[in-house]
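Shown below: final-v2.cif, with mmCIF, C-alpha atoms.
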data_query
loop_
_atom_site.label_atom_id
_atom_site.label_comp_id
_atom_site.auth_asym_id
_atom_site.auth_seq_id
_atom_site.Cartn_x
_atom_site.Cartn_y
_atom_site.Cartn_z
CA MET U 1 79.52 97.30 90.44
CA ASP U 2 77.90 97.95 87.04
CA SER U 3 77.37 95.38 84.31
CA HIS U 4 80.44 96.52 82.38
CA ASP U 5 82.68 95.81 85.33
CA GLN U 6 81.03 92.47 85.85
CA HIS U 7 81.50 91.55 82.19
CA HIS U 8 85.10 92.62 82.30
CA ARG U 9 85.88 90.61 85.40
CA LEU U 10 84.10 87.58 83.98
CA LEU U 11 85.92 87.83 80.68
CA THR U 12 89.29 88.26 82.35
CA ALA U 13 88.66 85.23 84.52
CA PHE U 14 87.48 83.28 81.47
CA LEU U 15 90.66 84.10 79.55
CA ALA U 16 92.80 83.15 82.54
CA GLY U 17 91.01 79.82 82.84
CA ASP U 18 89.77 80.72 86.29
CA LEU U 19 86.09 79.92 85.75
CA ASP U 20 84.53 76.67 86.84
CA PRO U 21 82.97 74.57 84.05
CA ALA U 22 79.46 75.93 84.58
CA GLU U 23 80.64 79.54 84.50
CA ALA U 24 82.84 78.88 81.49
CA ARG U 25 79.87 77.39 79.63
CA GLN U 26 77.83 80.48 80.44
CA CYS U 27 80.61 82.68 79.18
CA ASP U 28 80.87 80.64 75.99
CA GLU U 29 77.19 81.08 75.39
CA HIS U 30 77.49 84.79 76.02
CA LEU U 31 80.34 85.07 73.51
CA LEU U 32 78.15 83.47 70.84
CA GLU U 33 75.66 86.26 71.29
CA CYS U 34 77.83 89.27 72.11
CA GLU U 35 79.97 90.62 69.32
CA ARG U 36 81.77 93.09 71.58
CA CYS U 37 82.94 90.45 74.01
CA TRP U 38 83.91 88.13 71.20
CA ARG U 39 86.07 90.86 69.69
CA ALA U 40 87.62 91.46 73.09
CA VAL U 41 88.57 87.78 73.25
CA ARG U 42 90.01 87.83 69.73
CA GLU U 43 92.04 90.95 70.47
CA ASP U 44 93.32 89.43 73.69
CA ARG U 45 94.52 86.35 71.83
CA ALA U 46 96.06 88.41 69.04
CA GLY U 47 97.89 90.59 71.55
CA ARG U 48 99.18 87.54 73.40
CA GLN U 49 100.38 85.95 70.16
CA ALA U 50 102.07 89.20 69.14
CA ALA U 51 103.87 89.58 72.47
CA ARG U 52 105.23 86.05 72.19
CA VAL U 53 107.02 87.05 69.01
CA LEU U 54 109.37 89.01 71.25
CA ARG U 55 110.66 85.93 73.05
CA GLN U 56 114.33 85.52 72.36
CA PRO U 57 116.96 83.42 74.09
CA ALA U 58 119.66 85.23 76.04
CA PRO U 59 122.73 85.98 73.91
CA PRO U 60 125.56 83.48 74.14
CA GLY U 61 128.15 84.68 76.58
CA LEU U 62 125.73 86.58 78.79
CA ALA U 63 125.79 83.86 81.43
CA ASP U 64 129.60 84.00 81.49
CA ARG U 65 129.52 87.76 81.72
CA VAL U 66 127.07 87.68 84.62
CA ALA U 67 128.99 84.94 86.40
CA PHE U 68 132.21 86.88 86.00
CA ALA U 69 130.66 90.09 87.34
CA VAL U 70 129.30 88.21 90.35
CA GLU U 71 132.68 86.60 90.90
CA VAL U 72 134.38 90.00 90.93
CA ALA U 73 131.72 91.35 93.29
CA ALA U 74 132.18 88.34 95.57
CA ALA U 75 135.90 88.97 95.71
CA GLY U 76 135.23 92.59 96.62
CA ARG U 77 132.85 91.60 99.39
CA ALA U 78 135.29 89.12 100.81
CA ALA U 79 137.96 91.79 100.88
CA ALA U 80 135.58 94.28 102.48
CA ARG U 81 134.69 91.78 105.20
CA ARG U 82 138.32 91.23 105.99
CA GLN U 83 138.98 94.94 106.10
CA SER U 84 135.98 95.69 108.32
CA ARG U 85 137.05 93.28 111.07
CA PRO U 86 138.24 95.34 114.05
CA PRO U 87 141.82 94.64 115.07
CA ALA U 88 142.24 92.55 118.20
CA ARG U 89 143.23 94.86 121.04
CA PRO U 90 142.84 93.06 124.35
CA GLY U 91 141.91 95.32 127.22
CA ARG U 92 141.25 98.40 125.06
CA ARG U 93 138.00 99.79 123.83
CA GLY U 94 138.14 102.14 120.89
CA ARG U 95 136.78 105.63 121.38
CA PRO U 96 134.16 106.79 118.84
CA GLY U 97 136.69 109.08 117.19
CA ARG U 98 139.13 106.24 116.74
CA ARG U 99 136.40 104.02 115.37
CA LEU U 100 135.67 106.67 112.78
CA VAL U 101 139.32 106.90 111.86
CA ARG U 102 139.47 103.12 111.53
CA ARG U 103 136.39 103.14 109.28
CA VAL U 104 137.83 105.81 107.06
CA ALA U 105 141.10 103.94 106.90
CA GLY U 106 139.22 100.72 106.18
CA ALA U 107 137.35 102.37 103.31
CA GLY U 108 140.61 103.68 101.98
CA MET U 109 142.09 100.23 102.07
CA LEU U 110 139.12 98.68 100.30
CA ALA U 111 140.60 99.00 96.85
CA ILE U 112 143.77 97.37 98.04
CA GLY U 113 141.72 94.67 99.68
CA VAL U 114 139.81 94.03 96.49
CA ALA U 115 143.10 93.79 94.67
CA VAL U 116 144.38 91.26 97.15
CA ALA U 117 141.18 89.23 97.02
CA LEU U 118 141.14 89.21 93.25
CA THR U 119 144.75 88.21 93.18
CA MET U 120 143.97 85.25 95.38
CA ALA U 121 140.68 84.35 93.78
CA LEU U 122 141.00 85.03 90.11
CA LEU U 123 144.35 83.62 89.26
CA PRO U 124 144.06 81.13 86.42
CA GLY U 125 144.45 77.65 87.66
CA GLY U 126 144.46 78.82 91.22
CA HIS U 127 148.04 77.73 91.76
CA GLU U 128 149.93 80.97 91.34
CA THR U 129 150.71 82.74 94.54
CA ARG U 130 152.99 85.54 93.45
CA SER U 131 151.66 89.07 93.37
CA VAL U 132 149.38 89.70 90.42
CA PRO U 133 147.54 93.01 90.35
CA ALA U 134 143.78 92.71 90.57
CA ALA U 135 143.11 94.31 87.21
CA VAL U 136 145.52 91.97 85.44
CA ALA U 137 144.15 88.94 87.26
CA ALA U 138 140.59 89.89 86.31
CA VAL U 139 141.51 90.20 82.64
CA ALA U 140 143.29 86.85 82.73
CA ARG U 141 140.32 85.23 84.44
CA TYR U 142 137.95 86.63 81.85
CA ALA U 143 140.18 85.45 79.02
CA GLN U 144 140.17 81.97 80.52
CA THR U 145 136.41 82.08 80.83
CA ILE U 146 135.86 82.84 77.17
CA SER U 147 138.50 80.49 75.82
CA SER U 148 137.67 76.93 76.66
CA PRO U 149 140.74 74.78 77.28
CA GLY U 150 142.06 72.97 74.29
CA ARG U 151 139.86 74.79 71.82
CA ASN U 152 142.20 77.41 70.57
CA GLN U 153 145.51 76.90 72.20
CA HIS U 154 148.47 77.75 70.04
CA SER U 155 146.35 77.96 66.93
CA TYR U 156 147.55 81.41 65.95
CA PRO U 157 148.42 82.48 63.30
CA ALA U 158 145.52 81.25 61.22
CA GLY U 159 145.71 82.95 57.86
CA ARG U 160 145.30 86.68 57.49
CA ALA U 161 141.65 86.81 58.42
CA ALA U 162 140.41 90.15 59.71
CA PRO U 163 139.59 90.19 63.42
CA VAL U 164 135.93 89.70 64.25
CA GLU U 165 134.49 90.93 67.51
CA VAL U 166 132.82 88.22 69.54
CA GLY U 167 129.91 89.22 71.75
CA ARG U 168 129.72 92.64 73.25
CA PRO U 169 132.04 94.67 75.44
CA VAL U 170 131.97 93.86 79.12
CA ILE U 171 132.67 96.48 81.74
CA VAL U 172 134.10 95.43 85.08
CA THR U 173 135.88 97.11 87.93
CA ALA U 174 138.78 95.27 89.50
CA GLY U 175 140.98 96.73 92.18
CA GLY U 176 139.07 99.98 91.73
CA GLN U 177 140.11 100.15 88.09
CA PRO U 178 137.31 100.29 85.48
CA ILE U 179 138.11 98.02 82.55
CA VAL U 180 136.36 97.51 79.21
CA LEU U 181 136.84 93.98 77.92
CA ARG U 182 136.40 93.11 74.26
CA THR U 183 136.84 89.73 72.68
CA TRP U 184 138.21 89.31 69.17
CA ARG U 185 138.50 86.22 67.03
CA LEU U 186 141.43 85.90 64.69
CA GLY U 187 141.27 82.68 62.77
CA SER U 188 140.51 80.15 65.49
CA THR U 189 142.13 82.15 68.26
CA GLU U 190 140.15 84.32 70.62
CA ALA U 191 141.94 87.22 72.25
CA VAL U 192 140.70 89.54 74.96
CA VAL U 193 141.61 93.20 74.71
CA ALA U 194 141.17 95.08 77.97
CA ALA U 195 141.25 98.85 77.90
CA SER U 196 141.47 101.19 80.84
CA ASP U 197 142.23 104.83 81.40
CA ARG U 198 144.61 103.74 84.14
CA PRO U 199 147.82 101.78 83.53
CA PHE U 200 147.67 98.05 84.10
CA PRO U 201 150.17 97.38 86.87
CA MET U 202 153.03 95.08 86.01
CA PRO U 203 152.90 91.67 87.70
CA ALA U 204 155.96 90.62 89.67
CA ASP U 205 157.06 88.05 87.11
CA ALA U 206 156.36 90.18 84.04
CA GLN U 207 159.10 91.30 81.71
CA GLY U 208 159.47 94.72 80.19
CA VAL U 209 159.53 94.93 76.43
CA PRO U 210 162.81 96.48 75.31
CA GLY U 211 162.33 99.74 73.44
CA SER U 212 158.61 99.88 74.08
CA GLY U 213 158.41 102.27 77.00
CA MET U 214 156.03 100.94 79.59
CA ALA U 215 155.05 97.78 77.71
CA TRP U 216 155.38 94.42 79.42
CA THR U 217 154.61 90.78 78.79
CA ALA U 218 153.76 87.99 81.18
CA ARG U 219 152.61 84.40 81.19
CA MET U 220 149.69 83.17 83.32
CA GLY U 221 148.80 79.51 82.88
CA ASN U 222 148.16 78.96 79.19
CA LEU U 223 147.68 82.67 78.57
CA ALA U 224 150.16 85.13 77.25
CA LEU U 225 149.64 88.75 78.30
CA TYR U 226 150.89 91.79 76.45
CA CYS U 227 150.36 95.25 77.91
CA LEU U 228 150.92 98.58 76.27
CA ASN U 229 150.57 101.39 78.78
CA GLY U 230 149.93 104.84 77.38
CA PRO U 231 147.21 107.49 77.61
CA THR U 232 144.82 104.56 77.33
CA SER U 233 146.25 101.31 78.52
CA GLU U 234 145.61 98.08 76.66
CA LEU U 235 146.17 94.60 77.91
CA VAL U 236 145.86 91.74 75.42
CA ALA U 237 145.40 88.19 76.67
CA ALA U 238 145.31 85.12 74.45
CA PRO U 239 146.22 81.44 74.64
CA VAL U 240 149.16 81.71 72.25
CA PRO U 241 152.94 81.48 72.64
CA ALA U 242 154.28 84.65 74.22
CA ALA U 243 156.48 85.38 71.22
CA GLU U 244 153.44 85.58 68.94
CA LEU U 245 151.28 87.81 71.09
CA ALA U 246 152.78 91.15 70.11
CA ALA U 247 152.19 90.34 66.44
CA LEU U 248 148.65 89.23 67.21
CA ALA U 249 148.00 92.40 69.21
CA ALA U 250 149.18 94.51 66.29
CA ARG U 251 146.47 93.00 64.11
CA LEU U 252 143.68 93.90 66.52
CA PRO U 253 141.80 97.18 66.26
CA PRO U 254 142.74 99.85 68.80
CA ALA U 255 140.57 99.86 71.90
CA MET B 10 135.29 84.26 98.45
CA GLY B 11 133.80 80.85 98.20
CA ALA B 12 130.58 78.95 98.16
CA ASP B 13 128.18 81.86 98.58
CA HIS B 14 128.52 83.27 95.11
CA ARG B 15 128.49 79.82 93.59
CA ALA B 16 125.31 79.00 95.48
CA PHE B 17 123.86 82.26 94.24
CA LEU B 18 124.76 81.51 90.62
CA ASP B 19 123.40 77.97 90.91
CA ALA B 20 120.11 79.34 92.21
CA THR B 21 119.72 82.21 89.76
CA LEU B 22 121.50 81.49 86.47
CA PRO B 23 118.81 79.00 85.36
CA TYR B 24 116.52 82.02 85.10
CA LEU B 25 118.86 84.07 82.95
CA ASP B 26 116.63 83.65 79.90
CA VAL B 27 113.54 85.02 81.60
CA VAL B 28 115.46 87.89 83.18
CA TRP B 29 116.79 88.62 79.70
CA GLN B 30 113.24 88.75 78.31
CA VAL B 31 112.25 91.22 81.01
CA ALA B 32 115.40 93.30 80.59
CA ARG B 33 115.02 93.60 76.83
CA GLN B 34 111.61 95.14 77.20
CA ALA B 35 112.26 97.09 80.39
CA ALA B 36 115.45 98.75 79.17
CA GLY B 37 114.85 102.34 78.22
CA GLU B 38 116.33 104.09 75.24
CA GLY B 39 120.11 104.10 75.48
CA GLN B 40 120.00 101.43 78.17
CA ASP B 41 121.76 98.19 77.27
CA PRO B 42 119.67 95.13 78.21
CA GLU B 43 122.83 93.13 78.89
CA ASP B 44 124.00 95.79 81.33
CA LEU B 45 120.57 95.66 82.93
CA VAL B 46 120.79 91.90 83.35
CA GLN B 47 124.26 92.19 84.86
CA GLU B 48 123.15 94.89 87.28
CA THR B 49 120.11 92.81 88.20
CA TYR B 50 122.30 89.88 89.12
CA LEU B 51 124.74 92.03 91.05
CA ARG B 52 121.94 93.52 93.13
CA ALA B 53 120.37 90.13 93.61
CA TYR B 54 123.71 88.81 94.79
CA VAL B 55 123.96 91.55 97.39
CA GLY B 56 120.49 90.65 98.69
CA PHE B 57 120.81 86.89 98.30
CA GLY B 58 121.92 86.29 101.87
CA SER B 59 118.77 87.81 103.28
CA TYR B 60 116.39 86.56 100.60
CA ARG B 61 113.82 84.24 102.10
CA GLY B 62 111.29 84.12 99.29
CA GLU B 63 110.21 80.96 97.56
CA ASN B 64 110.09 82.18 94.00
CA THR B 65 113.49 83.19 92.73
CA ARG B 66 112.14 83.89 89.24
CA ALA B 67 109.69 86.46 90.55
CA TRP B 68 112.32 87.96 92.83
CA LEU B 69 114.72 88.45 89.92
CA ALA B 70 112.01 90.03 87.79
CA ALA B 71 111.17 92.47 90.56
CA ILE B 72 114.83 93.46 90.87
CA CYS B 73 115.20 93.84 87.12
CA LEU B 74 112.16 96.11 86.90
CA ASN B 75 113.36 98.16 89.87
CA VAL B 76 116.81 98.58 88.37
CA ALA B 77 115.29 99.67 85.06
CA ARG B 78 113.06 102.17 86.81
CA SER B 79 115.80 103.61 88.99
CA GLN B 80 118.18 103.93 86.05
CA ALA B 81 115.47 105.63 84.06
CA ARG B 82 114.85 108.02 86.95
CA ARG B 83 118.53 108.82 87.10
CA ARG B 84 118.41 109.72 83.46
CA ARG B 85 115.31 111.80 84.19
CA ARG B 86 113.46 109.74 81.71
CA ARG B 87 110.36 107.68 82.07
CA PRO B 88 110.69 104.99 79.44
CA TRP B 89 107.60 103.11 80.41
CA GLU B 90 105.17 105.98 80.08
CA VAL B 91 104.05 107.42 76.82
CA PRO B 92 101.56 110.23 76.55
CA SER B 93 98.25 109.95 74.76
CA PRO B 94 97.90 106.27 74.03
CA ALA B 95 96.05 105.66 70.83
CA PHE B 96 93.21 103.92 72.61
CA PRO B 97 91.59 104.87 75.90
CA ASP B 98 91.88 102.39 78.70
CA VAL B 99 88.23 101.41 78.89
CA PRO B 100 86.41 98.19 78.09
CA PRO B 101 85.04 98.02 74.56
CA TRP B 102 81.46 97.68 75.68
CA SER B 103 81.57 101.17 77.15
CA ARG B 104 82.59 102.74 73.88
CA ALA B 105 79.92 103.98 71.54
CA ASP B 106 82.09 103.71 68.44
CA CYS B 107 83.21 100.19 69.14
CA GLU B 108 81.72 98.52 66.09
CA GLN B 109 83.22 100.76 63.50
CA ASP B 110 86.91 100.66 64.43
CA VAL B 111 87.70 97.19 65.65
CA ALA B 112 86.70 95.10 62.69
CA ASP B 113 89.19 92.30 62.01
CA VAL B 114 91.84 93.74 64.32
CA ALA B 115 92.91 90.26 65.34
CA ASP B 116 93.25 89.11 61.74
CA VAL B 117 95.36 92.13 60.81
CA VAL B 118 97.65 91.62 63.78
CA ILE B 119 98.22 87.93 63.27
CA ALA B 120 98.78 88.34 59.55
CA ALA B 121 101.61 90.83 59.90
CA LEU B 122 103.59 90.04 63.01
CA ASP B 123 106.97 91.63 63.04
CA ALA B 124 109.15 91.66 66.13
CA GLU B 125 110.41 95.21 65.73
CA GLN B 126 106.95 96.55 65.18
CA VAL B 127 105.60 94.59 68.12
CA SER B 128 108.38 96.00 70.29
CA ARG B 129 107.62 99.55 69.20
CA CYS B 130 103.91 99.13 69.89
CA LEU B 131 104.59 97.44 73.21
CA ALA B 132 106.61 100.49 74.22
CA LEU B 133 103.48 102.59 73.74
CA LEU B 134 101.49 100.78 76.41
CA PRO B 135 101.13 102.43 79.80
CA GLU B 136 103.72 101.17 82.25
CA PRO B 137 101.51 98.90 84.38
CA GLN B 138 100.05 97.13 81.36
CA ARG B 139 103.39 96.88 79.66
CA GLU B 140 105.05 95.33 82.69
CA CYS B 141 102.31 92.75 83.01
CA VAL B 142 102.34 91.80 79.32
CA VAL B 143 106.13 91.52 79.37
CA LEU B 144 106.18 89.33 82.44
CA VAL B 145 103.32 87.05 81.45
CA ASP B 146 103.41 86.87 77.66
CA VAL B 147 107.02 87.60 76.78
CA ALA B 148 108.90 86.15 79.75
CA GLY B 149 106.41 83.40 80.50
CA TYR B 150 105.70 84.18 84.14
CA THR B 151 102.44 82.96 85.62
CA ALA B 152 99.99 85.62 86.72
CA ARG B 153 100.76 84.71 90.32
CA GLU B 154 104.51 85.14 89.81
CA ALA B 155 103.95 88.44 88.04
CA ALA B 156 101.77 89.57 90.93
CA GLU B 157 104.55 88.66 93.35
CA ALA B 158 107.13 90.51 91.29
CA LEU B 159 104.98 93.61 90.98
CA GLY B 160 103.53 93.55 94.48
CA CYS B 161 99.91 93.64 93.39
CA PRO B 162 96.99 91.19 93.43
CA ARG B 163 96.82 88.46 90.80
CA GLY B 164 93.48 89.78 89.59
CA THR B 165 95.05 93.13 88.88
CA VAL B 166 97.73 91.44 86.80
CA LEU B 167 95.13 89.53 84.81
CA ALA B 168 93.13 92.69 84.12
CA ARG B 169 96.25 94.61 83.06
CA VAL B 170 97.41 91.78 80.84
CA HIS B 171 94.02 91.66 79.16
CA ARG B 172 93.90 95.41 78.59
CA GLY B 173 97.51 95.49 77.50
CA ARG B 174 97.06 92.68 74.99
CA ARG B 175 94.03 94.33 73.47
CA LYS B 176 95.75 97.66 73.23
CA LEU B 177 98.81 96.03 71.72
CA ALA B 178 96.67 94.26 69.14
CA ARG B 179 94.94 97.50 68.19
CA LEU B 180 98.18 99.45 67.97
CA LEU B 181 99.64 96.77 65.74
CA ALA B 182 96.58 96.73 63.55
CA GLU B 183 96.74 100.48 63.22
CA ALA B 184 100.48 100.38 62.46
CA GLY B 185 99.93 97.69 59.86
CA VAL B 186 97.22 99.69 58.13
CA SER B 187 99.18 102.94 58.21
CA HIS B 188 102.25 101.24 56.69
CA GLY B 189 100.23 99.60 54.01
CA GLN B 190 100.89 96.13 55.30
CA PRO B 191 98.32 93.37 55.01
#
Let me see the structure of the file written as structure tokens.
Amino acid sequence: MDSHDQHHRLLTAFLAGDLDPAEARQCDEHLLECERCWRAVREDRAGRQAARVLRQPAPPGLADRVAFAVEVAAAGRAAARRQSRPPARPGRRGRPGRRLVRRVAGAGMLAIGVAVALTMALLPGGHETRSVPAAVAAVARYAQTISSPGRNQHSYPAGRAAPVEVGRPVIVTAGGQPIVLRTWRLGSTEAVVAASDRPFPMPADAQGVPGSGMAWTARMGNLALYCLNGPTSELVAAPVPAAELAALAARLPPA
Amino acid sequence: MGADHRAFLDATLPYLDVVWQVARQAAGEGQDPEDLVQETYLRAYVGFGSYRGENTRAWLAAICLNVARSQARRRRRRPWEVPSPAFPDVPPWSRADCEQDVADVADVVIAALDAEQVSRCLALLPEPQRECVVLVDVAGYTAREAAEALGCPRGTVLARVHRGRRKLARLLAEAGVSHGQP
């Protein structure tokens, strides 16, 4: 090892606080005499100070977004586990070919399984048991996550303020359906607009909107849902009376 | 679905801020740091059942860096590597022209700190140095945690941090001079 390497190792250890007091004193004395090493120390400190300028807290809403994504993934795993359990067939052992068929069938059923799991897991309030498609349940769950109870219930309309986007779009997949979720604030009401290139299935207790083709409305807990299915399907969810949601949706920018 | 994902979130969400720091700097061009954080957590969730490590912070950082690298590879880009760094990676005492070009570098840097400029200059560091500076100085990891996340000895981390900081300071000084800043 040459003297440059030794100096470098010593200086690095000095800056990390790894030297014992005697070694640190020696290094201090060396720095008083050696301009090059002193500059190295000053540059190290300047670089450290500069890098710290980049520290920034995580954006508000990121924790909710991450938690929601994990929740959806957990629902998918639970469904996959259920689907991968071999059926009980006493006295019979599956041949390899049949096992393959079962696996293929199981994979094919995964999306349905995810839908079932999300239906069970993501329903607002956890007390609804009727069939709610996974994509719709995921949107409702997200809308409940971003709108804390009691904060903005039934507070629409609030003037004619232009909608303001809150946070950034979130992309999730529920029931095999990719969905882009955006949150908009109108007055004191926050509405979630979910867009997908596949139609949002109609929940069992939803009602069709007369004269609006494939549009439907539904109520889930404190949320009203309004869906307009077309080339790109949009599902709006907000904690407002159902009668007001279509008007609110009309004021939001297209997805 | 039940307790497992809640246990995972309880164990990992407290480190969201540090993962965010890493993701912001590790994300390549066109890569959304928030997406990177989400993907990090999803991968961590998949591996949580078999994770037996003691340092969740370091584990999350390692996943975040791996996700960033693999996404960059998929895009056939290498966001951490930049050709021809402005300063060679050698100690100053081995350079003959040391005295003439480093005068008051530290003063220039400290006088004109600007987050965007720092971020641009940080992006110019070679990948190993950049990762170490991000983990230790930006995200606040200890050298030992950074070593665990990167799978290298602590001494290597310290050396890379030192070289990275110096290079960053010099790049900033040069940028400040070239833009006519103080």
### Task
Excluding range 25-33 of chain B and residues on its chain fewer than 3 positions from it, collect all residues at most 7 Å away from it, counting only C-alpha atoms, and give them as a ChimeraX atom specification.
/U:55-58 /B:22,36,42,45-46,69-70,73,143-144,147-148
Closest atom pairs, residues of chain U within 9 Å of chain B, all atoms listed in the file, as a Markdown table:
| residue | atom | partner | partner_atom | distance |
| --- | --- | --- | --- | --- |
| U:His4 | CA | B:Trp102 | CA | 6.9 |
| U:Asp5 | CA | B:Pro100 | CA | 8.5 |
| U:His7 | CA | B:Trp102 | CA | 8.9 |
| U:His8 | CA | B:Pro100 | CA | 7.1 |
| U:Arg9 | CA | B:Ala168 | CA | 7.7 |
| U:Thr12 | CA | B:Ala168 | CA | 6.1 |
| U:Ala13 | CA | B:Leu167 | CA | 7.8 |
| U:Leu15 | CA | B:His171 | CA | 8.3 |
| U:Ala16 | CA | B:Leu167 | CA | 7.2 |
| U:Glu35 | CA | B:Glu108 | CA | 8.7 |
| U:Arg36 | CA | B:Trp102 | CA | 6.2 |
| U:Cys37 | CA | B:Trp102 | CA | 7.6 |
| U:Arg39 | CA | B:Val111 | CA | 7.7 |
| U:Ala40 | CA | B:Arg175 | CA | 7.0 |
| U:Val41 | CA | B:Arg175 | CA | 8.5 |
| U:Arg42 | CA | B:Ala115 | CA | 5.8 |
| U:Glu43 | CA | B:Arg175 | CA | 4.9 |
| U:Asp44 | CA | B:Arg175 | CA | 5.0 |
| U:Arg45 | CA | B:Arg174 | CA | 7.5 |
| U:Ala46 | CA | B:Ala115 | CA | 5.2 |
| U:Gly47 | CA | B:Arg174 | CA | 4.1 |
| U:Arg48 | CA | B:Arg174 | CA | 5.8 |
| U:Gln49 | CA | B:Ile119 | CA | 7.5 |
| U:Ala50 | CA | B:Leu122 | CA | 6.4 |
| U:Ala51 | CA | B:Val147 | CA | 5.7 |
| U:Arg52 | CA | B:Val147 | CA | 5.2 |
| U:Val53 | CA | B:Ala124 | CA | 5.8 |
| U:Leu54 | CA | B:Ala124 | CA | 5.8 |
| U:Arg55 | CA | B:Val147 | CA | 5.5 |
| U:Gln56 | CA | B:Gln30 | CA | 6.9 |
| U:Pro57 | CA | B:Asp26 | CA | 5.8 |
| U:Ala58 | CA | B:Asp26 | CA | 5.2 |
| U:Pro59 | CA | B:Trp29 | CA | 8.7 |
| U:Leu62 | CA | B:Glu43 | CA | 7.2 |
| U:Ala63 | CA | B:Leu22 | CA | 7.0 |
| U:Arg65 | CA | B:Gln47 | CA | 7.6 |
| U:Val66 | CA | B:Gln47 | CA | 5.3 |
| U:Ala67 | CA | B:Leu18 | CA | 6.9 |
| U:Ala69 | CA | B:Gln47 | CA | 7.2 |
| U:Val70 | CA | B:Leu51 | CA | 6.0 |
| U:Glu71 | CA | B:His14 | CA | 6.8 |
| U:Ala73 | CA | B:Leu51 | CA | 7.4 |
| U:Ala74 | CA | B:Met10 | CA | 5.9 |
| U:Ala75 | CA | B:Met10 | CA | 5.5 |
| U:Gly76 | CA | B:Met10 | CA | 8.5 |
| U:Arg77 | CA | B:Met10 | CA | 7.8 |
| U:Ala78 | CA | B:Met10 | CA | 5.4 |
| U:Ala79 | CA | B:Met10 | CA | 8.4 |
| U:Ala117 | CA | B:Met10 | CA | 7.8 |
| U:Ala121 | CA | B:Met10 | CA | 7.1 |
| U:Arg168 | CA | B:Glu43 | CA | 8.9 |
| U:Val170 | CA | B:Asp44 | CA | 8.5 |
| U:Ile171 | CA | B:Asp44 | CA | 8.7 |
### Message
I'd like to know which of U:Ser233, U:Gln6, U:Thr217, U:Gln144 is closest to Met202 in chain U, using all atoms listed in the file.
### Response
U:Thr217
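With all atoms listed in the file as the basis for measurement, U:Leu181 is the residue among U:Ala24, U:Leu181, U:Leu10, U:Met214 that approaches Phe68 in chain U most closely.
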### Summary
What separates CA of Ala143 in chain U and CA of Ala250 in chain U is a distance of 18.0 Å
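Between CA of Gly167 in chain U and CA of Val192 in chain U lies a distance of 11.3 Å.
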